Amino acid sequence: MIAYNRKDLDNRLILRDVDAAWQKKCITEEERRAVRAAYPVKLYTPNPFIRIGLFIGTIVAALGAFGLFLAGTHDEDVLTMLIFFFSIVYYAMLEMFVQHKHHFRSGVDDALIWLSGIYFITGFLAATELDLDEIWIYLLVLLTGTCFTLRFVNMLTGAAAFIGLTGMVLYTAVRLGSTAQAFVPFFIMGLSLMVYLASARLLKQQRFRHYFPCLELLSLLALIMLYAGGNYFVVRELGSAMFGMEMRLEWLFWLFTAAIPVIYLYLGIRRKNAMLLRTGLLLMAVAAFTIRHYHQILSPELAMVSGGAAMIAVAWYLTRYLREPKQGFTKESDDEPEAIEKLQIESLVIAETLQDAPQPPKGFRFGGGTGGGAGAGGDF
């Protein structure tokens with residue numbers, strides 16, 4: 001399923017953990033070199049600046065090539081065929097760069113993924129003269145994003161697939177009439193909760209370790225979408241704009257607006273889950289802005305100053321309190337991204353640094369020596 005060599009992906013994860021251990025001075029430079037030599041990685045992944053440059057350069061070159069073929073084309077059927085043709089060409093180039101050039105998040109493969117996917121969906125839009133139903137558009141986004149995520153382990157295409165799934169649910173409810181439209185927030189919240197629980201379960205299984213970054217982003221989006229589905233402002237304004245309906249059960253959505261961030265914080269502390277903690281803190285600010293949008297207690301200036309001062313005070317207190325780790329929490333940042341959970345760095349380093357230890361020759365036997373000294377005599 002994955003286009004990349006799994007051994008290279010595993011070695012890449014191992015080397016990231018080893019580099020993190022080296023930066024913490026847990027291993028020496030010699031030990032680090034020994035592990036890197038034992039676990040080589042053929043994948044080409046440049047630094048972020050080169051990656052951005054390659055991404056932009058690939059986009060410009062691809063659009064330029066398409067423009068040359070497009071010049072002088074006025075027939076709509078020819079244009080549609082041309083779009084599908086270039087979608088296939090971009091995908092073939094993507095497979096070539098991945099299989100033969102070993103590009104992994106190099107910028108070139110990122111650009112070709114998006115070019116192939118966008119041209120594929122655009123081809124259907126051109127074939128229907130931009131009259132494709134919204135449900136079908138989101139279905140295409142869902143299928144295309146899922147395929148590229150499974151094949152190339154791309155985080156952003158996974159996010160696009162989740163957006164496509166959410167859009168399908170939303171517009172399906174729109175087609176079902178006013179009764180289903182009234183339950184749209186609950187549909188969105190239920191869908192987001194199922195996606196989060198499924199992602200959290202997959203994150204515990206090491207066989208999906210190469211998809212962990214995609215699953216973590218999917219979990220984050222599901223948490224945010226779950227809150228958006230119950231946020232008073234979103235439900236009221238979006239429901240009025242899309243359906244022209246008056247809001248019902250206002251007290252329930254006010255409860256969701258205030259309670260969901262608190263639940264995230266509680267679960268984050270209880271489970272020591274950094275994602276839940278950070279998302280809960282962020283959504284508490286969103287909840288405060290939502291409440292203030294409808295119930296203005298302080299002037300904007302005073303509210304911003306008071307809120308900023310309170311957050312600074314809390315951050316200062318927690319930094320001092322967690323100077324020494326307490327109950328599994330620390331102020332130190334987690335600098336081990338994509339760590340393989342059960343990887344024993346110490347055993348790995350020892351195995352690789354001692355693998356060339358001198359061994360006695362085959363057939364070696366003790367004997368033939370003599371011992372001497374005060375009170376000693378005879379053979380040993």
# chains A, B, ... in the order shown; residues from 1 in each chain; ligands from 1
$ residues_around --residues "stretch 248-264 of chain A" --least-positions-apart "2" --cutoff "12 Å" --atoms "only C-alpha atoms" --output "ChimeraX atom specification"
/A:181-183,185-186,189,220,223-236,239-240,245-246,266-291,294
$ select_by_dssp --residues "stretch 26-268 of chain A" --states "helix (DSSP H, G or I)" --output "ChimeraX atom specification"
/A:29-38,48-70,76-99,108-127,134-152,155-175,178-182,184-202,206-230,232-242,250-268
$ atom_distance --atom1 "atom CA of A:Phe55" --atom2 "atom CA of A:Asp110"
6.7 Å
$ decode --residues "stretch 151-249 of chain A" --atoms "C-alpha atoms" --output "PDB file, in the first residue's frame"
ATOM      1  CA  ARG A 151      -0.226   5.580  -0.627  1.00  0.00           C
ATOM      2  CA  PHE A 152       2.105   8.473   0.254  1.00  0.00           C
ATOM      3  CA  VAL A 153       1.530   9.000   4.010  1.00  0.00           C
ATOM      4  CA  ASN A 154       0.640  12.656   3.443  1.00  0.00           C
ATOM      5  CA  MET A 155      -0.842  14.524   6.396  1.00  0.00           C
ATOM      6  CA  LEU A 156      -2.583  17.298   4.449  1.00  0.00           C
ATOM      7  CA  THR A 157      -4.357  14.941   2.061  1.00  0.00           C
ATOM      8  CA  GLY A 158      -5.638  13.133   5.160  1.00  0.00           C
ATOM      9  CA  ALA A 159      -6.996  16.453   6.400  1.00  0.00           C
ATOM     10  CA  ALA A 160      -8.611  17.018   2.988  1.00  0.00           C
ATOM     11  CA  ALA A 161     -10.250  13.587   3.219  1.00  0.00           C
ATOM     12  CA  PHE A 162     -11.725  14.476   6.617  1.00  0.00           C
ATOM     13  CA  ILE A 163     -13.069  17.758   5.220  1.00  0.00           C
ATOM     14  CA  GLY A 164     -14.600  15.820   2.342  1.00  0.00           C
ATOM     15  CA  LEU A 165     -16.287  13.409   4.762  1.00  0.00           C
ATOM     16  CA  THR A 166     -17.654  16.273   6.858  1.00  0.00           C
ATOM     17  CA  GLY A 167     -18.915  18.084   3.765  1.00  0.00           C
ATOM     18  CA  MET A 168     -20.713  14.955   2.568  1.00  0.00           C
ATOM     19  CA  VAL A 169     -22.535  14.620   5.897  1.00  0.00           C
ATOM     20  CA  LEU A 170     -23.439  18.311   5.916  1.00  0.00           C
ATOM     21  CA  TYR A 171     -24.856  18.465   2.395  1.00  0.00           C
ATOM     22  CA  THR A 172     -26.600  15.121   2.728  1.00  0.00           C
ATOM     23  CA  ALA A 173     -28.493  16.576   5.683  1.00  0.00           C
ATOM     24  CA  VAL A 174     -29.340  19.639   3.599  1.00  0.00           C
ATOM     25  CA  ARG A 175     -30.940  17.389   0.968  1.00  0.00           C
ATOM     26  CA  LEU A 176     -33.012  15.475   3.539  1.00  0.00           C
ATOM     27  CA  GLY A 177     -35.170  18.415   4.583  1.00  0.00           C
ATOM     28  CA  SER A 178     -35.785  20.595   7.620  1.00  0.00           C
ATOM     29  CA  THR A 179     -35.951  17.744  10.133  1.00  0.00           C
ATOM     30  CA  ALA A 180     -32.471  16.472   9.251  1.00  0.00           C
ATOM     31  CA  GLN A 181     -31.150  20.041   9.057  1.00  0.00           C
ATOM     32  CA  ALA A 182     -32.113  20.597  12.685  1.00  0.00           C
ATOM     33  CA  PHE A 183     -29.889  17.665  13.672  1.00  0.00           C
ATOM     34  CA  VAL A 184     -26.850  18.721  11.613  1.00  0.00           C
ATOM     35  CA  PRO A 185     -24.834  19.849  14.689  1.00  0.00           C
ATOM     36  CA  PHE A 186     -25.371  16.471  16.319  1.00  0.00           C
ATOM     37  CA  PHE A 187     -24.429  14.656  13.101  1.00  0.00           C
ATOM     38  CA  ILE A 188     -21.185  16.641  12.909  1.00  0.00           C
ATOM     39  CA  MET A 189     -20.401  16.083  16.583  1.00  0.00           C
ATOM     40  CA  GLY A 190     -21.129  12.355  16.349  1.00  0.00           C
ATOM     41  CA  LEU A 191     -19.024  11.965  13.207  1.00  0.00           C
ATOM     42  CA  SER A 192     -16.109  13.876  14.760  1.00  0.00           C
ATOM     43  CA  LEU A 193     -16.272  11.797  17.919  1.00  0.00           C
ATOM     44  CA  MET A 194     -16.185   8.546  15.930  1.00  0.00           C
ATOM     45  CA  VAL A 195     -13.225   9.774  13.854  1.00  0.00           C
ATOM     46  CA  TYR A 196     -11.338  10.799  16.990  1.00  0.00           C
ATOM     47  CA  LEU A 197     -11.963   7.486  18.754  1.00  0.00           C
ATOM     48  CA  ALA A 198     -10.936   5.525  15.658  1.00  0.00           C
ATOM     49  CA  SER A 199      -7.753   7.595  15.271  1.00  0.00           C
ATOM     50  CA  ALA A 200      -6.894   7.227  18.954  1.00  0.00           C
ATOM     51  CA  ARG A 201      -7.307   3.462  18.690  1.00  0.00           C
ATOM     52  CA  LEU A 202      -5.100   3.224  15.588  1.00  0.00           C
ATOM     53  CA  LEU A 203      -2.435   5.365  17.278  1.00  0.00           C
ATOM     54  CA  LYS A 204      -1.979   2.582  19.831  1.00  0.00           C
ATOM     55  CA  GLN A 205      -1.137  -0.018  17.181  1.00  0.00           C
ATOM     56  CA  GLN A 206       2.485  -0.095  16.059  1.00  0.00           C
ATOM     57  CA  ARG A 207       1.648  -1.587  12.667  1.00  0.00           C
ATOM     58  CA  PHE A 208       0.225   1.827  11.729  1.00  0.00           C
ATOM     59  CA  ARG A 209       3.326   3.695  12.981  1.00  0.00           C
ATOM     60  CA  HIS A 210       4.048   5.223   9.574  1.00  0.00           C
ATOM     61  CA  TYR A 211       0.605   6.831   9.623  1.00  0.00           C
ATOM     62  CA  PHE A 212       0.977   8.267  13.135  1.00  0.00           C
ATOM     63  CA  PRO A 213       1.507  11.890  11.926  1.00  0.00           C
ATOM     64  CA  CYS A 214      -1.598  11.624   9.718  1.00  0.00           C
ATOM     65  CA  LEU A 215      -3.629  10.124  12.561  1.00  0.00           C
ATOM     66  CA  GLU A 216      -2.474  12.797  15.020  1.00  0.00           C
ATOM     67  CA  LEU A 217      -3.544  15.574  12.653  1.00  0.00           C
ATOM     68  CA  LEU A 218      -6.833  13.776  12.035  1.00  0.00           C
ATOM     69  CA  SER A 219      -7.398  13.539  15.803  1.00  0.00           C
ATOM     70  CA  LEU A 220      -6.751  17.251  16.203  1.00  0.00           C
ATOM     71  CA  LEU A 221      -9.166  18.163  13.401  1.00  0.00           C
ATOM     72  CA  ALA A 222     -11.803  15.840  14.869  1.00  0.00           C
ATOM     73  CA  LEU A 223     -11.498  17.513  18.284  1.00  0.00           C
ATOM     74  CA  ILE A 224     -11.865  20.961  16.725  1.00  0.00           C
ATOM     75  CA  MET A 225     -14.781  19.876  14.523  1.00  0.00           C
ATOM     76  CA  LEU A 226     -16.493  18.276  17.521  1.00  0.00           C
ATOM     77  CA  TYR A 227     -16.359  21.593  19.329  1.00  0.00           C
ATOM     78  CA  ALA A 228     -17.403  23.567  16.237  1.00  0.00           C
ATOM     79  CA  GLY A 229     -20.479  21.348  15.905  1.00  0.00           C
ATOM     80  CA  GLY A 230     -21.593  22.366  19.386  1.00  0.00           C
ATOM     81  CA  ASN A 231     -20.352  25.957  19.503  1.00  0.00           C
ATOM     82  CA  TYR A 232     -23.219  28.438  19.940  1.00  0.00           C
ATOM     83  CA  PHE A 233     -21.831  30.982  17.489  1.00  0.00           C
ATOM     84  CA  VAL A 234     -21.152  28.440  14.730  1.00  0.00           C
ATOM     85  CA  VAL A 235     -24.531  26.734  15.072  1.00  0.00           C
ATOM     86  CA  ARG A 236     -26.486  29.970  15.171  1.00  0.00           C
ATOM     87  CA  GLU A 237     -24.718  31.837  12.380  1.00  0.00           C
ATOM     88  CA  LEU A 238     -24.133  28.886  10.064  1.00  0.00           C
ATOM     89  CA  GLY A 239     -27.652  27.572  10.567  1.00  0.00           C
ATOM     90  CA  SER A 240     -29.106  30.964   9.755  1.00  0.00           C
ATOM     91  CA  ALA A 241     -26.905  31.422   6.670  1.00  0.00           C
ATOM     92  CA  MET A 242     -27.352  27.925   5.196  1.00  0.00           C
ATOM     93  CA  PHE A 243     -30.837  26.910   6.260  1.00  0.00           C
ATOM     94  CA  GLY A 244     -32.520  30.136   7.328  1.00  0.00           C
ATOM     95  CA  MET A 245     -33.666  28.425  10.495  1.00  0.00           C
ATOM     96  CA  GLU A 246     -34.098  29.817  13.972  1.00  0.00           C
ATOM     97  CA  MET A 247     -31.904  28.251  16.598  1.00  0.00           C
ATOM     98  CA  ARG A 248     -33.422  25.717  18.970  1.00  0.00           C
ATOM     99  CA  LEU A 249     -32.169  24.400  22.307  1.00  0.00           C
TER     100      LEU A 249
END
